[in-house]
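Step one of this worksheet: look at the structure below.
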Amino acid sequence: MSAPLWDNPPMNTTLLSGLNPPQLQAVTLPRQSALILAGAGSGKTRVLTTRIAYLISTGAVSPHGILAVTFTNKAAKEMVTRLSAMLPINTRGMWIGTFHGLCNRLLRAHYREAALPQTFQILDSGDQLSAIKRIMKALEIDDEKYPPREMQNFISGSKEQGLRAHDVEAFDPYTRRKVDVYAEYDAQCQREGVVDFSELLLRCFELLSRNESLRTHYQERFHHILVDEFQDTNPLQYQWLKLLAGQHNALFAVGDDDQSIYAFRGANVGNMKDLLRDFKVEAVIKLEQNYRSHGNILDAANALISNNRNRLGKNLWTSEQGGEKLRVYEAPTDVEEANFIVGEIRQLKTEGLKLTEMALLYRSNAQSRVLEHALVSAGLSYRVYGGLRFFERQEIKHALAYLRLMQNTDDDNALLRIINYPTRGIGARSIEQIQDSAKMHGTTLWDAAARAGGKVSAFVGLIEAMRSATSALPLPEIMEHVLVHSGLIEHYQSEKGAKKREAEERLENLKELVTAATLFVHENEDDSLTSFLTHASLEAGEHQAGDQDDALHLMTVHAAKGLEFNAVFITGLEENLFPHQNSQRVDGGLDEERRLMYVAITRARRRLYMSFAQRRMLNGQVSYGAPSSFLKELPEDLLQWLSAREAPRNPFASFGYSAPAAPVQHSVSSTGWRTGQRVMHLKFGEGVITGVEGSGTDGRVQVNFKHAGSKWLALEYAKLTAL
């Protein structure tokens with residue numbers, strides 16, 4: 001063993017003090033590859049950084065003989081900060097960073113061998129998309145048939161699989177055309193001396209693969225390779241790590257297969273089992289002691305995740321006592337669910353808990369709208385973590401811009417936002433000409449557009465046609481008409497590849513906009529389009545929490561990974577919402593949804609709320625759902641129900657509640673409607689009532705429409721007309 005790197009090295013007892021036995025075992029392993037299964041809140045970052053400090057302080061390796069890989073710049077900076085506090089060394093030159101950052105560093109050092117100029121530039125996503133559009137225009141490729149963003153996803157996805165254009169299998173003319181664009185894009189980037197983010201890793205991998213002397217150099221340098229969040233690595237990242245590790249270096253991988261929730265980004269949880277096989281790993285150390293949550297929360301998480309298949313297996317425990325039971329609330333509607341949450345937040349505040357110590361989690365971004373509305377109405381400050389408030393989201397602003405322009409053609413900002421979105425062949429030059437014309441004649445852009453011809457004229461005609469068609473429609477149906485005829489729905493439905501999941505979220509948000517309009521009509525005497533647009537602007541602008549403000553956190557469960565809060569609310573726990581309906585279409589999809597629920601539960605330190613609604617407004621219509629199957633997988637003795645266990649709807653009977661009464665057919669005196677009655681609906685047309693259920697605000701009817709089929713409609717919102 002080589003001598004220590006300074007005269008008076010820190011005592012190992014000081015460095016290692018406070019570690020529990022499995023943590024100590026992981027930190028002090030001899031030079032060998034290992035897999036550290038680090039459960040939620042088990043101190044994995046401490047183990048990783050202490051392992052590095054231990055190797056250096058004992059003289060096992062110099063700081064320059066370590067390669068540490070993280071997934072975010074924030075995690076890399078935290079690691080460096082902790083190391084600097086542990087050791088009196090200069091960490092500046094150490095190879096600690098993200099996959100992309102380390103690959104960039106290696107390529108900068110060996111730009112000639114990588115066939116790159118010394119000052120090569122990195123394209124961001126916008127620059128890459130612009131380059132692809134220029135190539136498609138030069139190749140005379142129809143951007144309607146081949147949307148540029150879809151082409152971008154195809155290229156990036158191919159690179160992340162380690163495939164160049166000539167490696168991609170193209171069995172049909174459509175794919176072959178995309179391969180042509182990929183090849184030309186690669187050639188143009190090479191001519192210009194630029195790379196995109198996916199290229200950094202692929203170019204680095206190719207360089208090390210073909211250049212034996214360079215590969216040997218780095219294999220002899222980095223004797224210890226440490227990887228954080230290993231469960232999130234994709235196949236190419238794992239192959240890159242294998243190249244650097246070679247036959248003799250130690251790969252120290254820290255991860256948790258129970259928190260693998262990024263399959264949609266290409267993460268492959270199977271890399272963990274491949275690691276065990278490829279590196280003949282004998283040391284699998286489980287960090288199971290949790291330093292975050294009370295016992296009941298961990299027991300619930302353990303019970304839930306035990307239902308997953310093919311786990312490497314571990315069981316979280318804590319020295320803390322059981323703590324409070326998990327609170328479960330069943331709300332009649334999503335609005336009442338939000339109001340219940342607001343009430344609990346206010347109570348927690350009176351108990352001394354700050355807003356910033358609480359989080360509201362939801363499965364899909366669209367669910368935030370009803371929560372945001374309740375918080376704004378209650379005057380509670382909040383911030384959306386890792387995302388935008390509902391009325392600030394791109395697709396919502398696009399839809400509102402169409403409505404604004406229909407309402408007021410003098411709105412130049414609205415026109416500029418949507419004149420070519422979705423793309424309709426109106427380029428930057430055409431827009432400049434409209435602006436020049438407006439300036440010359442002293443008019444609005446709309447007036448200038450009305451004087452133009454071609455595709456600009458067609459856009460003006462589209463706005464006029466939508467305004468005419470919706471002049472007599474109620475607000476929710478104006479919204480539906482605009483979303484369809486503007487092309488926004490079709491645009492997001494056409495997205496494929498890596499952007500498909502993002503597009504599905506945007507579609508959910510647009511459908512939620514219809515719901516927002518429906519509830520606005522129900523809650524306000526003035527239900528005009530102007531009033532709704534004013535409402536949207538005010539909600540977007542209110543309660544903008546600054547960084548120093550005490551504000552509640554709202555976020556998707558995906559965004560919550562790695563965070564922790566004293567009180568957590570998991571909302572919308574209904575089948576097809578959480579677990580999401582898309583999980584049924586993908587092999588292993590339900591297991592990943594369960595891992596996502598496991599992540600949500602383990603964000604809570606002290607108090608955990610879980611809520612669901614019997615009725616939820618979706619796409620402007622009332623939807624009746626069953627409670628999430630995940631609730632049934634939690635031990636009953638860990639739950640405290642805050643609502644009656646008697647459910648009024650049949651869908652809940654299968655969940656194990658006391659059997660509810662069968663739906664009652666009401667006479668005309670109870671709801672004002674009767675079976676066999678002919679009715680008219682503004683959207684669905686003429687139909688006949690075939691069923692009546694409930695009373696008052698809970699009343700609904702089943703109508704068999706001539707052209708739209710059979711539908712259940714809530715009488716509170718349906719606005720039926722008797723014929």
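All residue names refer to the structure tokens as shown: chains lettered A, B, ... in order, residues numbered from 1 in each chain, ligands numbered from 1 in order.
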May I have the residues within 9 Å of Glu686 in chain A as number ranges by chain, using only C-alpha atoms and disregarding those fewer than 5 positions away in the same chain? A: 678-681, 704-707, 723
Which residues, written as a ChimeraX atom specification, have at least one atom at most 9 Å from Gly270 in chain A, with only C-alpha atoms counted and residues fewer than 5 positions away on the same chain left out? /A:231,257,275
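Counting only C-alpha atoms and comparing A:Thr356, A:Asn509, A:Thr470, A:Ser368, the residue that lies closest to Gln407 in chain A is A:Thr470.
Among A:Asp591, A:Glu336, A:Glu480, A:Glu693, the residue with the shortest atom-to-atom distance to Asp258 in chain A, counting only C-alpha atoms, is A:Asp591.
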Please report, as a CSV table (one decimal) with N, CA, C and O atoms, in the first residue's frame, each residue of range 413-563 of chain A to which DSSP assigns helix (DSSP H, G or I) when run on this structure's backbone.
```csv
chain,number,residue,atom,x,y,z
A,413,ASN,N,-49.6,39.8,-29.4
A,413,ASN,CA,-48.8,38.7,-28.8
A,413,ASN,C,-49.4,37.4,-29.0
A,413,ASN,O,-48.7,36.4,-29.2
A,414,ALA,N,-50.7,37.3,-28.9
A,414,ALA,CA,-51.4,36.1,-29.1
A,414,ALA,C,-51.2,35.6,-30.5
A,414,ALA,O,-51.0,34.4,-30.8
A,415,LEU,N,-51.3,36.5,-31.5
A,415,LEU,CA,-51.2,36.1,-32.9
A,415,LEU,C,-49.8,35.6,-33.1
A,415,LEU,O,-49.6,34.5,-33.8
A,416,LEU,N,-48.7,36.2,-32.6
A,416,LEU,CA,-47.4,35.8,-32.8
A,416,LEU,C,-47.1,34.4,-32.2
A,416,LEU,O,-46.3,33.6,-32.7
A,417,ARG,N,-47.8,34.1,-31.1
A,417,ARG,CA,-47.6,32.8,-30.4
A,417,ARG,C,-48.1,31.7,-31.2
A,417,ARG,O,-47.6,30.6,-31.2
A,418,ILE,N,-49.2,31.9,-32.0
A,418,ILE,CA,-49.9,30.7,-32.6
A,418,ILE,C,-50.0,30.8,-34.1
A,418,ILE,O,-50.5,29.8,-34.7
A,428,ALA,N,-40.4,32.3,-40.6
A,428,ALA,CA,-39.9,33.6,-40.0
A,428,ALA,C,-40.0,34.7,-41.0
A,428,ALA,O,-40.3,35.9,-40.6
A,429,ARG,N,-39.6,34.5,-42.2
A,429,ARG,CA,-39.7,35.5,-43.2
A,429,ARG,C,-41.1,36.1,-43.4
A,429,ARG,O,-41.3,37.3,-43.5
A,430,SER,N,-42.0,35.2,-43.5
A,430,SER,CA,-43.4,35.6,-43.7
A,430,SER,C,-43.9,36.5,-42.5
A,430,SER,O,-44.6,37.5,-42.7
A,431,ILE,N,-43.5,36.1,-41.3
A,431,ILE,CA,-43.9,36.8,-40.1
A,431,ILE,C,-43.2,38.2,-40.1
A,431,ILE,O,-43.9,39.2,-39.7
A,432,GLU,N,-42.0,38.3,-40.5
A,432,GLU,CA,-41.3,39.6,-40.6
A,432,GLU,C,-42.0,40.5,-41.6
A,432,GLU,O,-42.2,41.7,-41.4
A,433,GLN,N,-42.5,39.9,-42.7
A,433,GLN,CA,-43.2,40.7,-43.7
A,433,GLN,C,-44.5,41.3,-43.1
A,433,GLN,O,-44.9,42.4,-43.4
A,434,ILE,N,-45.2,40.5,-42.3
A,434,ILE,CA,-46.5,40.9,-41.7
A,434,ILE,C,-46.1,42.1,-40.7
A,434,ILE,O,-46.8,43.1,-40.7
A,435,GLN,N,-45.1,41.9,-40.0
A,435,GLN,CA,-44.7,43.0,-39.0
A,435,GLN,C,-44.3,44.2,-39.7
A,435,GLN,O,-44.7,45.3,-39.3
A,436,ASP,N,-43.6,44.1,-40.8
A,436,ASP,CA,-43.2,45.3,-41.6
A,436,ASP,C,-44.4,46.0,-42.2
A,436,ASP,O,-44.5,47.2,-42.2
A,437,SER,N,-45.4,45.2,-42.7
A,437,SER,CA,-46.6,45.7,-43.3
A,437,SER,C,-47.4,46.5,-42.2
A,437,SER,O,-47.9,47.6,-42.4
A,438,ALA,N,-47.5,45.9,-41.0
A,438,ALA,CA,-48.3,46.5,-39.9
A,438,ALA,C,-47.6,47.8,-39.5
A,438,ALA,O,-48.3,48.8,-39.3
A,439,LYS,N,-46.3,47.9,-39.5
A,439,LYS,CA,-45.6,49.1,-39.1
A,439,LYS,C,-45.8,50.2,-40.2
A,439,LYS,O,-46.0,51.3,-39.8
A,440,MET,N,-45.7,49.8,-41.4
A,440,MET,CA,-45.8,50.7,-42.5
A,440,MET,C,-47.2,51.4,-42.6
A,440,MET,O,-47.4,52.6,-42.8
A,441,HIS,N,-48.3,50.5,-42.3
A,441,HIS,CA,-49.6,51.0,-42.4
A,441,HIS,C,-50.2,51.5,-41.1
A,441,HIS,O,-51.3,52.0,-41.0
A,445,LEU,N,-51.1,43.6,-36.3
A,445,LEU,CA,-50.6,42.4,-37.1
A,445,LEU,C,-51.8,41.7,-37.7
A,445,LEU,O,-51.6,41.1,-38.8
A,446,TRP,N,-52.9,41.6,-37.1
A,446,TRP,CA,-54.1,40.9,-37.6
A,446,TRP,C,-54.5,41.6,-38.9
A,446,TRP,O,-54.8,40.9,-39.9
A,447,ASP,N,-54.6,42.9,-38.9
A,447,ASP,CA,-55.0,43.6,-40.2
A,447,ASP,C,-53.9,43.4,-41.3
A,447,ASP,O,-54.3,43.2,-42.4
A,448,ALA,N,-52.7,43.4,-40.9
A,448,ALA,CA,-51.6,43.1,-41.9
A,448,ALA,C,-51.8,41.7,-42.4
A,448,ALA,O,-51.6,41.4,-43.6
A,449,ALA,N,-52.1,40.7,-41.5
A,449,ALA,CA,-52.2,39.3,-41.9
A,449,ALA,C,-53.4,39.2,-42.9
A,449,ALA,O,-53.4,38.4,-43.8
A,450,ALA,N,-54.5,39.9,-42.6
A,450,ALA,CA,-55.7,39.8,-43.4
A,450,ALA,C,-55.4,40.3,-44.9
A,450,ALA,O,-56.1,39.9,-45.8
A,451,ARG,N,-54.3,41.2,-45.0
A,451,ARG,CA,-54.0,41.7,-46.4
A,451,ARG,C,-53.1,40.7,-47.1
A,451,ARG,O,-52.9,40.8,-48.3
A,454,GLY,N,-51.9,33.5,-49.3
A,454,GLY,CA,-51.3,32.1,-49.1
A,454,GLY,C,-51.7,31.6,-47.7
A,454,GLY,O,-52.8,31.6,-47.2
A,455,LYS,N,-50.7,31.0,-47.0
A,455,LYS,CA,-50.9,30.3,-45.8
A,455,LYS,C,-51.3,31.3,-44.6
A,455,LYS,O,-52.0,30.9,-43.7
A,456,VAL,N,-50.8,32.5,-44.7
A,456,VAL,CA,-51.2,33.5,-43.7
A,456,VAL,C,-52.7,33.8,-43.8
A,456,VAL,O,-53.4,33.8,-42.8
A,457,SER,N,-53.2,33.9,-45.0
A,457,SER,CA,-54.6,34.1,-45.3
A,457,SER,C,-55.4,32.9,-44.7
A,457,SER,O,-56.5,33.1,-44.2
A,458,ALA,N,-54.9,31.7,-44.9
A,458,ALA,CA,-55.6,30.5,-44.4
A,458,ALA,C,-55.7,30.5,-42.9
A,458,ALA,O,-56.7,30.1,-42.3
A,459,PHE,N,-54.6,31.1,-42.2
A,459,PHE,CA,-54.6,31.2,-40.8
A,459,PHE,C,-55.7,32.1,-40.3
A,459,PHE,O,-56.5,31.9,-39.4
A,460,VAL,N,-55.8,33.3,-41.0
A,460,VAL,CA,-56.8,34.3,-40.7
A,460,VAL,C,-58.2,33.6,-40.8
A,460,VAL,O,-59.1,33.8,-40.0
A,461,GLY,N,-58.4,32.9,-41.9
A,461,GLY,CA,-59.7,32.2,-42.1
A,461,GLY,C,-60.0,31.2,-41.0
A,461,GLY,O,-61.2,31.0,-40.7
A,462,LEU,N,-59.0,30.5,-40.5
A,462,LEU,CA,-59.2,29.5,-39.5
A,462,LEU,C,-59.7,30.2,-38.2
A,462,LEU,O,-60.7,29.7,-37.6
A,463,ILE,N,-59.1,31.3,-37.8
A,463,ILE,CA,-59.6,32.1,-36.6
A,463,ILE,C,-61.0,32.6,-36.8
A,463,ILE,O,-61.8,32.4,-35.9
A,464,GLU,N,-61.3,33.1,-38.0
A,464,GLU,CA,-62.6,33.6,-38.3
A,464,GLU,C,-63.6,32.5,-38.2
A,464,GLU,O,-64.7,32.6,-37.7
A,465,ALA,N,-63.3,31.3,-38.8
A,465,ALA,CA,-64.2,30.2,-38.8
A,465,ALA,C,-64.5,29.7,-37.4
A,465,ALA,O,-65.6,29.4,-37.0
A,466,MET,N,-63.4,29.6,-36.6
A,466,MET,CA,-63.6,29.1,-35.2
A,466,MET,C,-64.5,30.1,-34.4
A,466,MET,O,-65.3,29.7,-33.6
A,467,ARG,N,-64.3,31.4,-34.6
A,467,ARG,CA,-65.0,32.4,-33.9
A,467,ARG,C,-66.5,32.3,-34.3
A,467,ARG,O,-67.4,32.4,-33.4
A,468,SER,N,-66.8,32.1,-35.6
A,468,SER,CA,-68.2,32.0,-36.0
A,468,SER,C,-68.8,30.7,-35.5
A,468,SER,O,-70.0,30.8,-35.1
A,469,ALA,N,-68.1,29.6,-35.5
A,469,ALA,CA,-68.7,28.3,-35.1
A,469,ALA,C,-69.0,28.2,-33.7
A,469,ALA,O,-69.8,27.5,-33.2
A,475,LEU,N,-69.1,27.9,-22.8
A,475,LEU,CA,-67.7,28.0,-22.7
A,475,LEU,C,-66.9,26.6,-22.8
A,475,LEU,O,-66.0,26.5,-23.6
A,476,PRO,N,-67.4,25.5,-22.1
A,476,PRO,CA,-66.6,24.3,-22.3
A,476,PRO,C,-66.6,23.8,-23.7
A,476,PRO,O,-65.6,23.2,-24.1
A,477,GLU,N,-67.6,24.0,-24.4
A,477,GLU,CA,-67.7,23.5,-25.8
A,477,GLU,C,-66.9,24.4,-26.8
A,477,GLU,O,-66.4,23.9,-27.8
A,478,ILE,N,-66.8,25.7,-26.4
A,478,ILE,CA,-65.9,26.6,-27.2
A,478,ILE,C,-64.5,26.0,-27.0
A,478,ILE,O,-63.7,25.9,-28.0
A,479,MET,N,-64.1,25.7,-25.8
A,479,MET,CA,-62.8,25.1,-25.5
A,479,MET,C,-62.5,23.9,-26.3
A,479,MET,O,-61.5,23.7,-27.0
A,480,GLU,N,-63.5,22.9,-26.3
A,480,GLU,CA,-63.3,21.7,-27.0
A,480,GLU,C,-63.1,21.9,-28.5
A,480,GLU,O,-62.3,21.3,-29.2
A,481,HIS,N,-63.9,22.8,-29.1
A,481,HIS,CA,-63.9,23.1,-30.5
A,481,HIS,C,-62.5,23.7,-30.9
A,481,HIS,O,-61.9,23.3,-31.9
A,482,VAL,N,-62.1,24.6,-30.1
A,482,VAL,CA,-60.8,25.3,-30.4
A,482,VAL,C,-59.6,24.3,-30.3
A,482,VAL,O,-58.7,24.3,-31.2
A,483,LEU,N,-59.6,23.5,-29.3
A,483,LEU,CA,-58.5,22.5,-29.2
A,483,LEU,C,-58.4,21.5,-30.4
A,483,LEU,O,-57.4,21.2,-30.8
A,484,VAL,N,-59.6,21.2,-30.9
A,484,VAL,CA,-59.6,20.2,-32.0
A,484,VAL,C,-59.3,21.0,-33.3
A,484,VAL,O,-58.4,20.6,-34.1
A,485,HIS,N,-60.0,22.1,-33.6
A,485,HIS,CA,-59.8,22.7,-34.9
A,485,HIS,C,-58.6,23.6,-35.1
A,485,HIS,O,-58.1,23.9,-36.2
A,488,LEU,N,-54.2,21.6,-32.2
A,488,LEU,CA,-53.3,21.3,-31.0
A,488,LEU,C,-53.4,19.8,-30.6
A,488,LEU,O,-52.4,19.2,-30.3
A,489,ILE,N,-54.7,19.3,-30.6
A,489,ILE,CA,-54.9,17.9,-30.2
A,489,ILE,C,-54.1,17.0,-31.1
A,489,ILE,O,-53.4,16.1,-30.7
A,490,GLU,N,-54.3,17.2,-32.4
A,490,GLU,CA,-53.7,16.3,-33.4
A,490,GLU,C,-52.2,16.4,-33.4
A,490,GLU,O,-51.5,15.4,-33.5
A,491,HIS,N,-51.7,17.6,-33.1
A,491,HIS,CA,-50.2,17.9,-33.1
A,491,HIS,C,-49.6,17.0,-32.0
A,491,HIS,O,-48.6,16.3,-32.2
A,492,TYR,N,-50.2,17.0,-30.7
A,492,TYR,CA,-49.6,16.3,-29.6
A,492,TYR,C,-49.9,14.8,-29.8
A,492,TYR,O,-49.0,14.0,-29.3
A,493,GLN,N,-51.0,14.4,-30.4
A,493,GLN,CA,-51.2,13.0,-30.6
A,493,GLN,C,-50.2,12.4,-31.6
A,493,GLN,O,-50.0,11.2,-31.6
A,497,GLY,N,-41.8,8.4,-30.2
A,497,GLY,CA,-40.5,8.3,-29.7
A,497,GLY,C,-40.4,8.9,-28.3
A,497,GLY,O,-41.3,8.8,-27.5
A,498,ALA,N,-39.2,9.5,-28.0
A,498,ALA,CA,-38.9,10.0,-26.7
A,498,ALA,C,-39.8,11.1,-26.2
A,498,ALA,O,-40.0,11.3,-25.0
A,499,LYS,N,-40.5,11.8,-27.2
A,499,LYS,CA,-41.3,12.9,-26.8
A,499,LYS,C,-42.8,12.5,-26.6
A,499,LYS,O,-43.6,13.3,-26.2
A,500,LYS,N,-43.1,11.2,-26.9
A,500,LYS,CA,-44.5,10.7,-26.8
A,500,LYS,C,-45.0,10.9,-25.4
A,500,LYS,O,-46.2,11.3,-25.2
A,501,ARG,N,-44.2,10.5,-24.4
A,501,ARG,CA,-44.7,10.6,-23.0
A,501,ARG,C,-45.0,12.1,-22.6
A,501,ARG,O,-46.0,12.4,-22.0
A,502,GLU,N,-44.1,13.0,-23.0
A,502,GLU,CA,-44.3,14.4,-22.7
A,502,GLU,C,-45.6,14.9,-23.4
A,502,GLU,O,-46.3,15.7,-22.9
A,503,ALA,N,-45.8,14.4,-24.7
A,503,ALA,CA,-47.0,14.9,-25.4
A,503,ALA,C,-48.2,14.4,-24.8
A,503,ALA,O,-49.3,15.1,-24.8
A,504,GLU,N,-48.2,13.2,-24.2
A,504,GLU,CA,-49.4,12.6,-23.5
A,504,GLU,C,-49.7,13.5,-22.3
A,504,GLU,O,-50.9,13.7,-22.0
A,505,GLU,N,-48.7,14.0,-21.6
A,505,GLU,CA,-48.9,14.9,-20.5
A,505,GLU,C,-49.6,16.2,-20.9
A,505,GLU,O,-50.5,16.7,-20.3
A,506,ARG,N,-49.1,16.7,-22.1
A,506,ARG,CA,-49.6,17.9,-22.6
A,506,ARG,C,-51.1,17.7,-23.0
A,506,ARG,O,-51.9,18.6,-22.8
A,507,LEU,N,-51.4,16.6,-23.6
A,507,LEU,CA,-52.8,16.3,-23.9
A,507,LEU,C,-53.7,16.2,-22.7
A,507,LEU,O,-54.8,16.7,-22.7
A,508,GLU,N,-53.2,15.6,-21.6
A,508,GLU,CA,-53.9,15.6,-20.4
A,508,GLU,C,-54.2,17.0,-19.8
A,508,GLU,O,-55.3,17.3,-19.3
A,509,ASN,N,-53.2,17.8,-20.0
A,509,ASN,CA,-53.4,19.2,-19.5
A,509,ASN,C,-54.4,19.9,-20.3
A,509,ASN,O,-55.2,20.7,-19.8
A,510,LEU,N,-54.4,19.7,-21.7
A,510,LEU,CA,-55.4,20.3,-22.5
A,510,LEU,C,-56.8,19.8,-22.2
A,510,LEU,O,-57.8,20.6,-22.2
A,511,LYS,N,-57.0,18.6,-21.9
A,511,LYS,CA,-58.3,18.0,-21.5
A,511,LYS,C,-58.7,18.6,-20.1
A,511,LYS,O,-59.9,18.9,-19.9
A,512,GLU,N,-57.7,18.9,-19.2
A,512,GLU,CA,-58.0,19.5,-18.0
A,512,GLU,C,-58.5,20.9,-18.1
A,512,GLU,O,-59.2,21.5,-17.3
A,513,LEU,N,-58.0,21.6,-19.2
A,513,LEU,CA,-58.5,22.9,-19.5
A,513,LEU,C,-60.0,23.0,-19.8
A,513,LEU,O,-60.7,23.9,-19.4
A,514,VAL,N,-60.5,21.9,-20.4
A,514,VAL,CA,-61.9,21.8,-20.6
A,514,VAL,C,-62.6,21.7,-19.3
A,514,VAL,O,-63.7,22.3,-19.0
A,515,THR,N,-62.0,20.9,-18.4
A,515,THR,CA,-62.6,20.7,-17.1
A,515,THR,C,-62.6,22.0,-16.3
A,515,THR,O,-63.6,22.4,-15.6
A,516,ALA,N,-61.5,22.8,-16.5
A,516,ALA,CA,-61.4,24.1,-15.8
A,516,ALA,C,-62.5,25.0,-16.3
A,516,ALA,O,-63.1,25.7,-15.5
A,517,ALA,N,-62.8,25.0,-17.6
A,517,ALA,CA,-63.9,25.8,-18.1
A,517,ALA,C,-65.2,25.4,-17.6
A,517,ALA,O,-66.1,26.2,-17.3
A,518,THR,N,-65.4,24.1,-17.5
A,518,THR,CA,-66.7,23.5,-17.0
A,518,THR,C,-67.0,24.0,-15.6
A,518,THR,O,-68.1,24.4,-15.2
A,519,LEU,N,-66.0,23.8,-14.7
A,519,LEU,CA,-66.1,24.2,-13.3
A,519,LEU,C,-66.3,25.8,-13.2
A,519,LEU,O,-67.0,26.2,-12.3
A,520,PHE,N,-65.6,26.5,-14.1
A,520,PHE,CA,-65.7,28.0,-14.0
A,520,PHE,C,-67.2,28.4,-14.3
A,520,PHE,O,-67.7,29.2,-13.6
A,521,VAL,N,-67.8,27.7,-15.3
A,521,VAL,CA,-69.2,28.0,-15.6
A,521,VAL,C,-70.1,27.7,-14.4
A,521,VAL,O,-71.0,28.4,-14.0
A,522,HIS,N,-69.8,26.6,-13.7
A,522,HIS,CA,-70.6,26.1,-12.6
A,522,HIS,C,-70.4,27.1,-11.4
A,522,HIS,O,-71.4,27.3,-10.6
A,523,GLU,N,-69.2,27.7,-11.2
A,523,GLU,CA,-68.9,28.4,-10.0
A,523,GLU,C,-69.2,29.9,-10.2
A,523,GLU,O,-69.1,30.7,-9.2
A,529,LEU,N,-66.4,34.0,-22.1
A,529,LEU,CA,-65.0,33.7,-22.5
A,529,LEU,C,-64.1,34.8,-21.9
A,529,LEU,O,-63.0,34.5,-21.4
A,530,THR,N,-64.5,36.0,-21.9
A,530,THR,CA,-63.7,37.1,-21.4
A,530,THR,C,-63.4,36.9,-19.9
A,530,THR,O,-62.2,37.1,-19.5
A,531,SER,N,-64.4,36.5,-19.2
A,531,SER,CA,-64.2,36.3,-17.7
A,531,SER,C,-63.3,35.2,-17.5
A,531,SER,O,-62.5,35.2,-16.5
A,532,PHE,N,-63.4,34.1,-18.2
A,532,PHE,CA,-62.6,32.9,-18.0
A,532,PHE,C,-61.1,33.3,-18.3
A,532,PHE,O,-60.2,32.9,-17.6
A,533,LEU,N,-60.9,34.0,-19.4
A,533,LEU,CA,-59.5,34.4,-19.7
A,533,LEU,C,-58.9,35.3,-18.6
A,533,LEU,O,-57.7,35.2,-18.3
A,534,THR,N,-59.7,36.2,-18.1
A,534,THR,CA,-59.3,37.0,-16.9
A,534,THR,C,-58.9,36.2,-15.7
A,534,THR,O,-57.9,36.3,-15.1
A,535,HIS,N,-59.8,35.2,-15.5
A,535,HIS,CA,-59.6,34.2,-14.4
A,535,HIS,C,-58.3,33.5,-14.5
A,535,HIS,O,-57.5,33.4,-13.6
A,536,ALA,N,-58.0,33.0,-15.8
A,536,ALA,CA,-56.7,32.3,-16.0
A,536,ALA,C,-55.5,33.2,-15.8
A,536,ALA,O,-54.5,32.7,-15.2
A,537,SER,N,-55.6,34.4,-16.2
A,537,SER,CA,-54.5,35.3,-16.1
A,537,SER,C,-54.2,35.6,-14.6
A,537,SER,O,-53.1,35.7,-14.1
A,538,LEU,N,-55.3,35.8,-13.8
A,538,LEU,CA,-55.1,36.1,-12.4
A,538,LEU,C,-54.6,34.9,-11.6
A,538,LEU,O,-53.7,35.0,-10.8
A,539,GLU,N,-55.0,33.7,-12.0
A,539,GLU,CA,-54.5,32.5,-11.3
A,539,GLU,C,-53.0,32.3,-11.6
A,539,GLU,O,-52.3,31.8,-10.8
A,540,ALA,N,-52.7,32.6,-12.8
A,540,ALA,CA,-51.3,32.4,-13.2
A,540,ALA,C,-50.4,33.4,-12.5
A,540,ALA,O,-49.2,33.1,-12.2
A,541,GLY,N,-50.9,34.6,-12.1
A,541,GLY,CA,-50.1,35.6,-11.5
A,541,GLY,C,-50.1,35.7,-10.0
A,541,GLY,O,-49.2,36.3,-9.4
A,557,VAL,N,-44.8,12.8,-8.7
A,557,VAL,CA,-44.0,11.9,-7.9
A,557,VAL,C,-42.6,11.7,-8.5
A,557,VAL,O,-41.6,11.6,-7.8
A,558,HIS,N,-42.5,11.7,-9.9
A,558,HIS,CA,-41.2,11.6,-10.5
A,558,HIS,C,-40.3,12.7,-10.1
A,558,HIS,O,-39.1,12.5,-9.8
A,559,ALA,N,-40.8,14.0,-10.0
A,559,ALA,CA,-40.0,15.1,-9.6
A,559,ALA,C,-39.6,15.0,-8.1
A,559,ALA,O,-38.6,15.7,-7.7
A,560,ALA,N,-40.3,14.2,-7.3
A,560,ALA,CA,-40.1,14.2,-5.9
A,560,ALA,C,-38.9,13.3,-5.5
A,560,ALA,O,-38.5,13.3,-4.3
```
Could you pull the residues within 12 Å of Ala378 in chain A, counting only C-alpha atoms, minus those fewer than 4 positions along the same chain, as a list in words? Ala338, Asn339, Phe340, Ile341, Val342, Gly343, Ile345, Arg346, Leu371, Glu372, His373, Ala374, Tyr382, Glu542 and His543 of chain A
Do you know which residues are at most 8 Å from range 188-199 of chain A counting only C-alpha atoms, after dropping those on the same chain fewer than 5 positions away, and could you put them as number ranges by chain? A: 100, 116-117, 120-125, 128, 156, 159-160
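Counting only C-alpha atoms, the residue from A:Leu682, A:Leu634, A:Ala472, A:Val370 that sits nearest to Met617 in chain A is A:Val370.
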So that I can check the surroundings of range 204-221 of chain A, please list as a PyMOL selection string every protein, DNA and RNA residue that reaches within 12 Å of it, counting only C-alpha atoms and ignoring chain neighbours fewer than 5 positions away. chain A and resi 61-67+94-95+99-116+159-164+195+197-199+235-251
Between A:Arg603, A:Lys325, A:Lys145, A:Arg277, which residue has the minimum interatomic distance to Pro635 in chain A, considering only C-alpha atoms? A:Lys325
Which parts of range 283-429 of chain A does DSSP call strand (DSSP E) when run on the backbone here, written out as a ChimeraX atom specification? /A:283-287,326-333,358-362,382-384
